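Next up, entry.txt (compact mmCIF, C-alpha atoms):
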# COMPACT_ATOMS: atom_id res chain seq x y z
CA MET A 8 179.33 146.99 137.32
CA ARG A 9 176.45 148.73 135.63
CA PRO A 10 174.69 146.49 133.30
CA SER A 11 175.29 147.76 129.82
CA ILE A 12 172.42 148.40 127.50
CA GLN A 13 173.22 145.22 125.60
CA GLN A 14 172.71 143.11 128.71
CA LEU A 15 169.52 144.96 129.58
CA TYR A 16 168.07 144.47 126.09
CA PRO A 17 166.67 140.92 126.64
CA VAL A 18 165.09 141.93 129.93
CA ILE A 19 163.38 144.89 128.27
CA ALA A 20 162.18 142.66 125.45
CA LEU A 21 160.73 140.21 127.95
CA LEU A 22 159.01 142.98 129.89
CA VAL A 23 157.41 144.33 126.72
CA LEU A 24 156.28 140.85 125.77
CA ALA A 25 154.76 140.16 129.21
CA GLY A 26 153.00 143.51 129.15
CA ALA A 27 151.57 142.77 125.71
CA THR A 28 150.16 139.39 126.72
CA VAL A 29 148.55 140.79 129.84
CA TRP A 30 147.01 143.56 127.75
CA LEU A 31 145.84 141.06 125.12
CA GLU A 32 144.34 138.75 127.69
CA ARG A 33 142.44 141.59 129.32
CA VAL A 34 141.09 142.77 125.99
CA THR A 35 139.87 139.38 124.82
CA ARG A 36 138.35 138.56 128.22
CA GLY A 37 136.69 141.87 128.05
CA ASP A 38 135.25 140.88 124.69
CA ASP A 39 133.64 137.77 126.12
CA THR A 40 131.79 139.45 128.95
CA GLN A 41 130.85 142.34 126.81
CA SER A 42 129.25 140.39 123.95
CA ALA A 43 127.58 137.61 125.96
CA SER A 44 124.23 139.26 125.40
CA GLN A 45 124.87 139.34 121.64
CA LEU A 46 125.49 135.58 121.62
CA ARG A 47 121.88 134.98 122.46
CA ARG A 48 120.94 135.15 118.78
CA GLU A 49 124.30 134.97 117.09
CA PRO A 50 125.36 131.57 115.88
CA ASP A 51 128.71 130.37 117.00
CA PHE A 52 129.34 128.44 113.80
CA THR A 53 127.79 127.83 110.41
CA ALA A 54 128.69 125.31 107.75
CA GLU A 55 127.58 125.11 104.15
CA GLN A 56 127.04 122.23 101.72
CA THR A 57 127.69 119.84 104.53
CA ARG A 58 127.73 116.05 104.50
CA LEU A 59 127.69 114.46 107.92
CA ILE A 60 128.12 110.72 108.35
CA SER A 61 127.48 109.02 111.67
CA PHE A 62 128.61 105.54 112.59
CA ASP A 63 127.04 103.19 115.11
CA ARG A 64 128.91 101.29 117.78
CA ASN A 65 130.29 98.61 115.51
CA GLY A 66 131.46 101.08 112.95
CA ARG A 67 128.70 100.65 110.41
CA GLN A 68 127.33 103.78 108.76
CA HIS A 69 124.26 104.75 110.76
CA TYR A 70 123.02 107.74 108.85
CA GLU A 71 124.19 110.38 106.41
CA LEU A 72 122.89 113.92 106.72
CA LEU A 73 123.26 116.40 103.86
CA ALA A 74 122.30 120.02 104.34
CA ASP A 75 122.73 123.20 102.36
CA LYS A 76 123.57 125.07 105.53
CA ILE A 77 123.97 124.26 109.23
CA THR A 78 123.81 127.02 111.83
CA HIS A 79 124.46 126.35 115.51
CA TYR A 80 123.20 128.67 118.27
CA PRO A 81 125.21 127.97 121.45
CA LEU A 82 122.89 129.50 124.01
CA SER A 83 119.75 127.70 122.97
CA SER A 84 121.91 124.78 121.71
CA ILE A 85 119.69 124.59 118.64
CA THR A 86 121.15 123.58 115.30
CA GLU A 87 119.26 124.87 112.29
CA LEU A 88 119.47 122.97 109.02
CA ASP A 89 118.59 124.36 105.60
CA LYS A 90 117.30 121.69 103.21
CA PRO A 91 118.23 118.72 105.40
CA ARG A 92 118.31 115.38 103.60
CA LEU A 93 118.79 112.33 105.77
CA ARG A 94 119.59 108.82 104.60
CA TYR A 95 119.10 106.39 107.48
CA ASP A 96 119.66 102.66 107.53
CA ALA A 97 116.91 100.94 109.54
CA GLU A 98 117.42 97.15 109.76
CA GLY A 99 118.68 96.95 106.23
CA ARG A 100 115.85 99.12 104.88
CA GLU A 101 116.89 102.54 103.64
CA LEU A 102 114.88 105.47 104.96
CA ARG A 103 115.17 108.85 103.24
CA VAL A 104 113.89 111.99 104.95
CA SER A 105 113.97 115.50 103.49
CA ALA A 106 112.44 118.87 104.34
CA ARG A 107 112.91 122.58 103.66
CA THR A 108 114.17 123.33 107.14
CA GLY A 109 115.06 121.38 110.26
CA GLU A 110 115.87 122.17 113.88
CA VAL A 111 117.93 119.82 116.04
CA LEU A 112 117.26 120.33 119.73
CA ASN A 113 119.24 119.29 122.78
CA GLU A 114 121.98 117.35 121.07
CA GLY A 115 119.79 115.53 118.60
CA GLU A 116 117.27 114.20 121.08
CA GLU A 117 114.51 115.87 119.08
CA VAL A 118 114.49 116.97 115.46
CA ARG A 119 111.75 119.23 114.08
CA LEU A 120 111.29 119.24 110.33
CA ALA A 121 109.18 121.81 108.51
CA GLY A 122 108.21 122.58 104.91
CA ASP A 123 107.45 119.81 102.37
CA VAL A 124 108.55 117.07 104.71
CA SER A 125 108.84 113.80 102.84
CA VAL A 126 109.85 110.37 104.04
CA LEU A 127 110.48 107.37 101.83
CA ARG A 128 111.07 103.90 103.17
CA ALA A 129 112.49 101.46 100.64
CA ALA A 130 110.51 98.36 99.83
CA ALA A 131 111.57 95.11 101.41
CA PRO A 132 110.54 91.54 100.63
CA GLY A 133 106.94 91.25 101.71
CA SER A 134 106.37 94.89 102.40
CA PRO A 135 106.00 97.54 99.73
CA GLU A 136 107.63 100.96 99.58
CA MET A 137 106.16 103.50 101.97
CA THR A 138 106.09 107.26 101.55
CA PHE A 139 104.94 110.02 103.89
CA ALA A 140 104.30 113.66 103.05
CA SER A 141 103.27 116.50 105.34
CA GLN A 142 104.15 120.11 106.20
CA SER A 143 105.86 119.27 109.48
CA LEU A 144 107.23 116.33 111.46
CA LYS A 145 108.73 115.97 114.93
CA VAL A 146 111.16 113.08 115.28
CA TRP A 147 112.72 111.57 118.41
CA PRO A 148 115.45 109.50 116.76
CA ASP A 149 116.63 107.70 119.89
CA ASP A 150 113.27 106.18 120.75
CA GLU A 151 112.33 105.98 117.04
CA ARG A 152 109.16 107.99 117.43
CA ALA A 153 107.66 110.58 115.08
CA GLU A 154 104.58 112.76 115.21
CA THR A 155 102.82 115.50 113.26
CA GLY A 156 99.66 117.54 113.71
CA ASP A 157 99.57 118.57 110.07
CA PRO A 158 97.55 116.83 107.35
CA VAL A 159 99.36 113.75 106.11
CA VAL A 160 99.41 111.79 102.86
CA LEU A 161 100.77 108.29 103.25
CA THR A 162 101.26 105.60 100.64
CA GLN A 163 102.09 101.96 101.16
CA GLY A 164 102.58 100.23 97.83
CA ALA A 165 99.43 101.12 95.88
CA THR A 166 97.42 101.98 99.01
CA THR A 167 97.10 105.66 99.82
CA ALA A 168 95.87 107.20 103.04
CA HIS A 169 94.99 110.75 104.09
CA ALA A 170 94.57 111.97 107.65
CA ASN A 171 94.79 115.09 109.82
CA GLY A 172 97.75 113.89 111.82
CA LEU A 173 100.08 110.98 112.45
CA LYS A 174 101.91 109.22 115.25
CA SER A 175 104.50 106.62 114.38
CA ASP A 176 106.39 104.29 116.65
CA ASN A 177 109.00 102.23 114.92
CA ILE A 178 109.82 99.97 117.81
CA PHE A 179 106.49 98.23 117.34
CA GLY A 180 106.32 99.31 113.74
CA THR A 181 102.94 100.92 114.27
CA LEU A 182 101.62 104.01 112.58
CA GLU A 183 98.56 105.87 113.75
CA LEU A 184 96.64 108.14 111.42
CA ILE A 185 94.53 110.48 113.49
CA GLY A 186 91.47 112.46 112.44
CA ASN A 187 89.37 112.01 109.35
CA ALA A 188 91.43 109.14 108.04
CA ARG A 189 90.61 108.02 104.50
CA VAL A 190 92.31 104.96 102.98
CA ASN A 191 92.09 103.77 99.40
CA ILE A 192 93.16 100.22 98.65
CA PRO A 193 93.03 99.55 94.88
CA ARG A 194 92.29 95.98 93.82
CA THR A 195 95.18 94.65 91.81
CA THR A 196 93.75 92.01 89.49
CA ARG A 197 93.83 88.63 91.13
CA THR A 198 95.81 87.20 88.29
CA SER A 199 98.72 89.51 89.10
CA PRO A 200 101.84 87.34 89.18
CA GLU B 13 76.97 92.76 92.49
CA ARG B 14 79.75 90.96 90.72
CA ALA B 15 81.47 94.07 89.38
CA ASP B 16 82.26 95.05 92.98
CA ARG B 17 85.18 92.66 93.13
CA ASN B 18 87.39 94.74 90.88
CA GLN B 19 86.57 98.04 92.49
CA PRO B 20 89.07 99.80 94.77
CA VAL B 21 88.24 99.68 98.45
CA ASN B 22 87.78 103.03 100.18
CA ILE B 23 87.69 103.16 103.96
CA GLU B 24 87.00 106.20 106.10
CA ALA B 25 87.33 106.43 109.88
CA ASN B 26 88.27 108.81 112.67
CA ARG B 27 91.48 106.97 113.36
CA VAL B 28 93.58 104.29 111.70
CA THR B 29 96.33 102.25 113.33
CA VAL B 30 98.59 100.56 110.81
CA ASP B 31 100.59 97.66 112.15
CA ASP B 32 103.28 97.23 109.57
CA ARG B 33 104.70 93.99 110.94
CA ASN B 34 101.61 91.86 110.62
CA LYS B 35 99.88 93.91 107.91
CA VAL B 36 96.83 94.81 109.99
CA HIS B 37 94.95 98.11 109.67
CA VAL B 38 92.61 98.94 112.55
CA PHE B 39 90.01 101.59 111.72
CA GLU B 40 88.08 103.17 114.58
CA GLY B 41 85.25 105.68 114.86
CA ASP B 42 82.35 105.87 112.32
CA VAL B 43 84.05 103.48 109.95
CA VAL B 44 82.66 103.28 106.40
CA LEU B 45 84.08 100.78 103.93
CA THR B 46 82.95 101.02 100.31
CA GLN B 47 83.84 98.79 97.39
CA GLY B 48 81.67 99.41 94.36
CA THR B 49 78.11 98.93 95.66
CA LEU B 50 79.29 97.15 98.82
CA VAL B 51 79.10 99.34 101.92
CA ILE B 52 80.09 98.13 105.39
CA LYS B 53 79.69 100.41 108.39
CA GLY B 54 80.73 99.89 111.98
CA ALA B 55 82.40 101.40 115.02
CA LYS B 56 85.56 99.43 114.38
CA LEU B 57 86.97 97.62 111.37
CA VAL B 58 90.05 95.42 111.34
CA VAL B 59 91.41 94.89 107.84
CA THR B 60 94.10 92.37 107.01
CA GLN B 61 95.79 92.85 103.66
CA GLY B 62 96.71 89.96 101.46
CA ALA B 63 99.35 89.99 98.75
CA ASP B 64 96.95 91.43 96.20
CA GLY B 65 95.59 94.18 98.38
CA PHE B 66 92.33 94.10 100.32
CA GLN B 67 91.87 90.69 101.85
CA SER B 68 89.28 90.57 104.59
CA GLY B 69 87.67 92.90 107.09
CA VAL B 70 85.99 92.35 110.45
CA ALA B 71 83.55 95.11 111.35
CA THR B 72 82.10 95.39 114.83
CA GLY B 73 79.38 97.72 116.07
CA THR B 74 78.84 99.19 119.49
CA ASP B 75 76.14 97.98 121.90
CA LYS B 76 73.96 100.81 120.69
CA ARG B 77 74.58 100.40 116.96
CA LEU B 78 75.17 97.15 115.08
CA ALA B 79 77.63 96.88 112.23
CA THR B 80 75.79 97.05 108.92
CA PHE B 81 76.43 95.64 105.46
CA ARG B 82 74.79 96.54 102.18
CA GLN B 83 75.37 95.41 98.61
CA LYS B 84 73.44 95.65 95.35
CA ARG B 85 72.26 92.39 93.94
CA GLU B 86 73.50 91.18 90.55
CA ALA B 87 71.45 92.52 87.59
CA SER B 88 68.74 93.90 89.83
CA SER B 89 68.00 97.21 91.45
CA GLU B 90 67.44 95.51 94.79
CA PHE B 91 69.91 95.66 97.63
CA VAL B 92 70.86 93.09 100.21
CA GLU B 93 71.11 94.68 103.63
CA GLY B 94 72.42 93.01 106.76
CA GLU B 95 73.29 93.97 110.29
CA ALA B 96 74.89 92.15 113.23
CA GLU B 97 77.17 92.65 116.19
CA ARG B 98 80.09 91.42 114.10
CA ILE B 99 80.39 91.16 110.33
CA GLU B 100 83.31 89.34 108.75
CA TYR B 101 83.72 90.06 105.06
CA ASP B 102 86.12 87.91 103.05
CA SER B 103 86.71 89.57 99.71
CA ARG B 104 88.44 86.55 98.21
CA ALA B 105 85.48 84.27 98.76
CA GLU B 106 83.01 87.16 98.38
CA ARG B 107 81.26 86.06 101.52
CA ALA B 108 79.92 87.97 104.49
CA ARG B 109 79.43 86.27 107.85
CA LEU B 110 77.17 87.97 110.36
CA PHE B 111 77.39 87.04 114.02
CA ASN B 112 74.95 87.73 116.91
CA GLN B 113 71.61 89.46 116.33
CA ALA B 114 72.15 88.81 112.64
CA HIS B 115 69.47 90.12 110.34
CA VAL B 116 69.57 90.16 106.53
CA LYS B 117 66.97 91.69 104.25
CA SER B 118 67.01 91.28 100.48
CA GLY B 119 64.12 92.93 98.70
CA ALA B 120 61.06 91.52 100.49
CA ASP B 121 62.87 88.46 101.85
CA GLU B 122 64.05 88.67 105.40
CA VAL B 123 66.10 86.35 107.57
CA ARG B 124 67.03 86.57 111.24
CA GLY B 125 69.18 84.31 113.33
CA HIS B 126 72.19 83.97 115.52
CA TYR B 127 74.56 83.53 112.59
CA ILE B 128 73.97 84.29 108.92
CA GLU B 129 76.35 83.60 106.11
CA TYR B 130 75.68 85.48 102.87
CA ASP B 131 77.46 84.35 99.72
CA ALA B 132 77.58 87.33 97.36
CA LEU B 133 78.46 85.19 94.37
CA SER B 134 75.50 82.87 94.51
CA GLU B 135 73.43 85.33 96.53
CA ASN B 136 72.40 82.53 98.86
CA TYR B 137 72.31 82.91 102.54
CA LEU B 138 72.61 80.29 105.23
CA VAL B 139 71.05 80.96 108.61
CA THR B 140 71.87 78.89 111.65
CA ASN B 141 71.58 79.09 115.38
CA GLN B 142 74.63 77.53 116.87
CA PRO B 143 73.46 74.85 119.33
CA GLY B 144 73.58 76.07 122.88
CA SER B 145 73.69 79.70 121.79
CA SER B 146 71.54 82.03 123.78
CA PRO B 147 68.32 82.86 121.99
CA THR B 148 68.78 86.04 120.02
CA LYS B 149 66.82 88.96 121.36
CA ALA B 150 65.22 89.47 117.98
CA THR B 151 63.70 86.03 117.68
CA GLY B 152 63.12 85.52 121.36
CA ASP B 153 63.08 81.74 121.35
CA GLY B 154 66.37 81.28 119.54
CA ARG B 155 64.74 79.89 116.44
CA VAL B 156 65.55 81.08 112.99
CA ARG B 157 63.01 83.40 111.40
CA ALA B 158 62.85 83.56 107.65
CA VAL B 159 60.31 85.28 105.49
CA ILE B 160 60.69 84.40 101.86
CA GLN B 161 58.23 86.11 99.56
CA PRO B 162 56.73 83.86 96.90
CA LYS B 163 58.00 84.87 93.53
CA ASN B 164 55.23 85.38 91.02
CA SER B 165 55.82 84.48 87.40
CA THR B 166 59.05 86.49 87.16
CA ASN B 167 61.94 84.16 86.50
CA GLU B 168 63.94 85.51 89.47
CA SER B 169 64.49 82.60 91.81
CA THR B 170 65.74 82.82 95.36
CA ARG B 171 66.34 79.58 97.17
Can I see the file as structure tokens?
Amino acid sequence: MRPSIQQLYPVIALLVLAGATVWLERVTRGDDTQSASQLRREPDFTAEQTRLISFDRNGRQHYELLADKITHYPLSSITELDKPRLRYDAEGRELRVSARTGEVLNEGEEVRLAGDVSVLRAAAPGSPEMTFASQSLKVWPDDERAETGDPVVLTQGATTAHANGLKSDNIFGTLELIGNARVNIPRTTRTSP
Amino acid sequence: ERADRNQPVNIEANRVTVDDRNKVHVFEGDVVLTQGTLVIKGAKLVVTQGADGFQSGVATGTDKRLATFRQKREASSEFVEGEAERIEYDSRAERARLFNQAHVKSGADEVRGHYIEYDALSENYLVTNQPGSSPTKATGDGRVRAVIQPKNSTNESTR
């Protein structure tokens, strides 16, 4: 019995479908190999007006990162931030960091900030508010280290300090001002309450 | 002079290490501290900050250069100058303590000894040689040397 056209119809439909998928697969795969070289500079995703909140192990908010734009480059695995603004909670003391641009390298192990970098650490009982200003800052968040080779202006309460560079290590809470350091400590009147 | 107490303190150095936890600033390399007419110089200066700002500083020299201290006397154009291996300046009590090879000169008066304490308020200085301390190189036999010029009829009195 010859199969009538009606019976053949589903088989033909299936064949067409299979052919189409094979064709599609070849084309897209082709795209990948073909444009790999383009990926070197092309971002694989961008995001705008972003607000990123990270939580630590026990679910408490660890830091909040705002940025006008985030661009991620897969090959160099660098994430570029436009106008990053970070709010970080360090032992109950709020730390605010902002800069014109930022680069996050190898999954956040190192962050490079550039352009009007400013850091503000909220005052806490017994230790006044601290601010930092410079044109660049390298931060290693995991081991709480920061460093800059650019001139620095630092204030701690009413004391201001200028230097050519800075190294800070939060684990011991030390801060090193390097090169031509000048510190001004105003005398508040002794009768201050 | 007395007005120094309310002046801001300026400190310059090659390097500063700020230890936030225990409020200590360590200045290293050609350190110059100025507060009004008071000037303290040394290779290293450790400053501890009290609640109302500058509290006290310990300046140390190197073996080649002693730490030095200089301040204008009250209502006079003369300066008190001192040098020693270690100078401890307490701004609250307005007192400078000079340790080892201590030497203080004020106008024509001069005092040497192992340890000199200079009280900026009363402008008196106390010179002692701790018992058993090695004789200071300057005085050779470990005794205190003091040269106090007689004051002629001017009413300035230095004890």
As a check of understanding: the span from CA of Thr140 (chain B) to CA of Val116 (chain B) is 12.6 Å
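Residue-level contacts from chain B to chain A at 7 Å, counting all atoms listed in the file, read Asn18, Gln19, Pro20, Val21, Asn22, Ile23, Glu24, Ala25, Asn26, Arg27, Val28, Thr29, Val30, Asp31, Asp32, Arg33, Asp64, Gly65 and Phe66 of chain B.
Atom to atom, CA of Val38 (chain B) and CA of Val58 (chain B) stand 4.5 Å apart.
Note that the spacing between CA of Lys117 (chain B) and CA of Glu90 (chain B) amounts to 10.2 Å.
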Any idea what's packed within 8 Å of Thr86 (chain A), counting only C-alpha atoms, ignoring anything in its chain fewer than 5 positions away? Could you give it as a PDB file with C-alpha atoms, in the frame of the given file?
ATOM      1  CA  ILE A  77     123.970 124.260 109.230  1.00  0.00           C
ATOM      2  CA  THR A  78     123.810 127.020 111.830  1.00  0.00           C
ATOM      3  CA  HIS A  79     124.460 126.350 115.510  1.00  0.00           C
ATOM      4  CA  TYR A  80     123.200 128.670 118.270  1.00  0.00           C
ATOM      5  CA  GLU A 110     115.870 122.170 113.880  1.00  0.00           C
ATOM      6  CA  VAL A 111     117.930 119.820 116.040  1.00  0.00           C
ATOM      7  CA  LEU A 112     117.260 120.330 119.730  1.00  0.00           C
TER       8      LEU A 112
END
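Of the residues under consideration (A:Ala106, A:Leu73, A:Leu22, A:Val126), A:Leu73 shows the shortest atom-to-atom contact distance to Ile60 (chain A) when counting only C-alpha atoms.
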Item checked: All residues 8 Å or closer to Leu57 (chain B), all atoms listed in the file, same chain fewer than 6 positions away omitted, as a count of residues only -> 8
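The residue that comes closest to Gly115 (chain A), out of A:Glu55, A:Glu87, A:Glu136, A:Glu154 and on the basis of all atoms listed in the file, is A:Glu87.
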